[in-house]
Amino acid sequence: PSAVFAKEQPARSEVQAKAGGSATLSCEVAQAGTEVTWYKDGKKLSASSRVHVEAQGCSRRLVVQQAGRADAGEYSCEAGGQKVFFSLEFAEREPEPPTLQKPGRREPLVVREHEDIFLTATLATPSVAAVTWLKDGVEIRRSKRHEMASLGVTHTLKIRGAQTLDSAVYSCRVGTEGQDFPVQVEGQRDWAAPRAPCVQGEGAGAGVGGALPWEVLWAATLCGARVGLTAPVLCAEVASGGLLVQRH
């Protein structure tokens, strides 16, 4: 019998397509008037909203629109008892670039000096891409004070023992996307209470059983120490290492 398909037409072809796109299988017949039938895994295919059979000159095409992995398989084009085969496979879909969730305007995170700073960025999509943390645009390197961790879509930065110099805008970056974290470190307040006059009053040095309503204020030093009191006080030394004070 005479050849139905063109001589240059290979007997088997491998076709790769992307999921969600169109997959096209095409072959050439020897005569323009040749009618062909298409099969998938041995079953005859009929035209539908997704499957189109096209003929133009000696070219025969099968087009599968919005193709998915379910369309992968062994196809054949048959005419006059002769066949050509196609193996349709789908390439792994390229992951979309990761993007960071963009919350509204952030208020500065206020941290006291010597406390730890914790910052958390959440990725909109999981990604194996490296996440970079920056301080005022300068990349932060791991150190004893700077710890970075990732768990799933959550990425954290921990800064141990905050200092006032750590006040800055911190950023988490993935490609061109990012999240910013304004951080303000407040210094420790220095309480400067007025020095209390040291007096020897009734009950001083003898416990709290005297006539005056003494209160015990334990301090690192004795009379005249700077303590966190704003009202004038009378104080008396106590042998145990504290102060007896009477508030005015």
# chains A, B, ... in the order shown; residues from 1 in each chain; ligands from 1
>>> select_by_dssp(residues="region 20-153 of chain A", states="strand (DSSP E)", output="count of residues only")
63
>>> residues_around(residues="region 36-51 of chain A", least_positions_apart="6", cutoff="8 Å", atoms="only C-alpha atoms", output="PyMOL selection string")
chain A and resi 60+62-66+73-79
>>> closest_residue(among="A:Val138, A:Leu25, A:Met148, A:Phe5", to="Glu54 (chain A)", atoms="only C-alpha atoms")
A:Leu25
>>> select_by_dssp(residues="region 2-188 of chain A", states="helix (DSSP H, G or I)", output="list of chain:residue names")
A:Arg69, A:Ala70, A:Asp71, A:Thr164, A:Leu165, A:Asp166
>>> write_last_selection(atoms="C-alpha atoms", output="compact mmCIF listing (two decimals), in the first residue's frame")
# COMPACT_ATOMS: atom_id res chain seq x y z
CA ARG A 69 -1.81 16.39 33.62
CA ALA A 70 -4.90 14.28 32.95
CA ASP A 71 -4.28 14.90 29.22
CA THR A 164 19.94 52.36 71.32
CA LEU A 165 22.13 52.01 68.21
CA ASP A 166 19.76 49.22 67.09
>>> closest_residue(among="A:Glu115, A:Glu35, A:Glu28, A:Glu8", to="Ala162 (chain A)", atoms="only C-alpha atoms")
A:Glu115
>>> residues_around(residues="Ile117 (chain A)", least_positions_apart="4", cutoff="10 Å", atoms="only C-alpha atoms", output="MDAnalysis selection string")
chainID A and resid 109:113 146 157:163 166 183 185
>>> residues_around(residues="Phe181 (chain A)", least_positions_apart="6", cutoff="8 Å", atoms="only C-alpha atoms", output="ChimeraX atom specification")
/A:106,108-109,119,169-171
>>> atom_distance(atom1="CA of Ala130 (chain A)", atom2="CA of Val174 (chain A)")
7.0 Å
>>> closest_residue(among="A:Gly80, A:Ala121, A:Gln188, A:Phe90", to="Gly152 (chain A)", atoms="only C-alpha atoms")
A:Ala121
>>> atom_distance(atom1="CA of Gly57 (chain A)", atom2="CA of Ala32 (chain A)")
5.0 Å
>>> atom_distance(atom1="CA of Gln56 (chain A)", atom2="CA of Ala91 (chain A)")
28.4 Å
>>> closest_residue(among="A:His114, A:Arg141, A:Ala67, A:Lys83", to="Val4 (chain A)", atoms="only C-alpha atoms")
A:Lys83
>>> closest_residue(among="A:Lys18, A:His52, A:Lys7, A:Arg173", to="Gln31 (chain A)", atoms="only C-alpha atoms")
A:Lys7
>>> decode(residues="region 49-87 of chain A", atoms="C-alpha atoms", output="short mmCIF file (atom, residue, chain, number, x, y, z; two decimals), in the first residue's frame")
data_model
loop_
_atom_site.label_atom_id
_atom_site.label_comp_id
_atom_site.auth_asym_id
_atom_site.auth_seq_id
_atom_site.Cartn_x
_atom_site.Cartn_y
_atom_site.Cartn_z
CA SER A 49 -14.83 22.65 23.61
CA ARG A 50 -11.27 21.77 24.62
CA VAL A 51 -10.23 19.37 21.85
CA HIS A 52 -9.99 20.66 18.27
CA VAL A 53 -9.05 18.74 15.11
CA GLU A 54 -7.60 20.88 12.37
CA ALA A 55 -6.70 20.14 8.74
CA GLN A 56 -4.91 22.55 6.44
CA GLY A 57 -3.36 21.27 3.22
CA CYS A 58 -1.34 18.20 4.18
CA SER A 59 -1.04 19.27 7.80
CA ARG A 60 -3.15 17.57 10.47
CA ARG A 61 -3.28 18.91 14.02
CA LEU A 62 -4.84 17.98 17.31
CA VAL A 63 -5.09 20.91 19.74
CA VAL A 64 -5.93 20.40 23.41
CA GLN A 65 -6.72 23.70 25.14
CA GLN A 66 -6.24 24.32 28.87
CA ALA A 67 -4.35 21.07 29.00
CA GLY A 68 -3.64 19.43 32.33
CA ARG A 69 -1.81 16.39 33.62
CA ALA A 70 -4.90 14.28 32.95
CA ASP A 71 -4.28 14.90 29.22
CA ALA A 72 -0.82 13.35 29.34
CA GLY A 73 -0.54 9.99 27.61
CA GLU A 74 -0.05 8.15 24.31
CA TYR A 75 -1.74 9.69 21.25
CA SER A 76 -1.94 8.37 17.70
CA CYS A 77 -3.07 9.68 14.34
CA GLU A 78 -4.42 6.94 12.07
CA ALA A 79 -5.39 6.78 8.40
CA GLY A 80 -5.55 3.95 5.87
CA GLY A 81 -4.41 1.40 8.44
CA GLN A 82 -1.23 3.36 9.19
CA LYS A 83 -0.35 5.22 12.39
CA VAL A 84 2.00 7.77 13.83
CA PHE A 85 2.40 8.12 17.59
CA PHE A 86 2.85 10.99 20.03
CA SER A 87 3.82 10.90 23.68
#
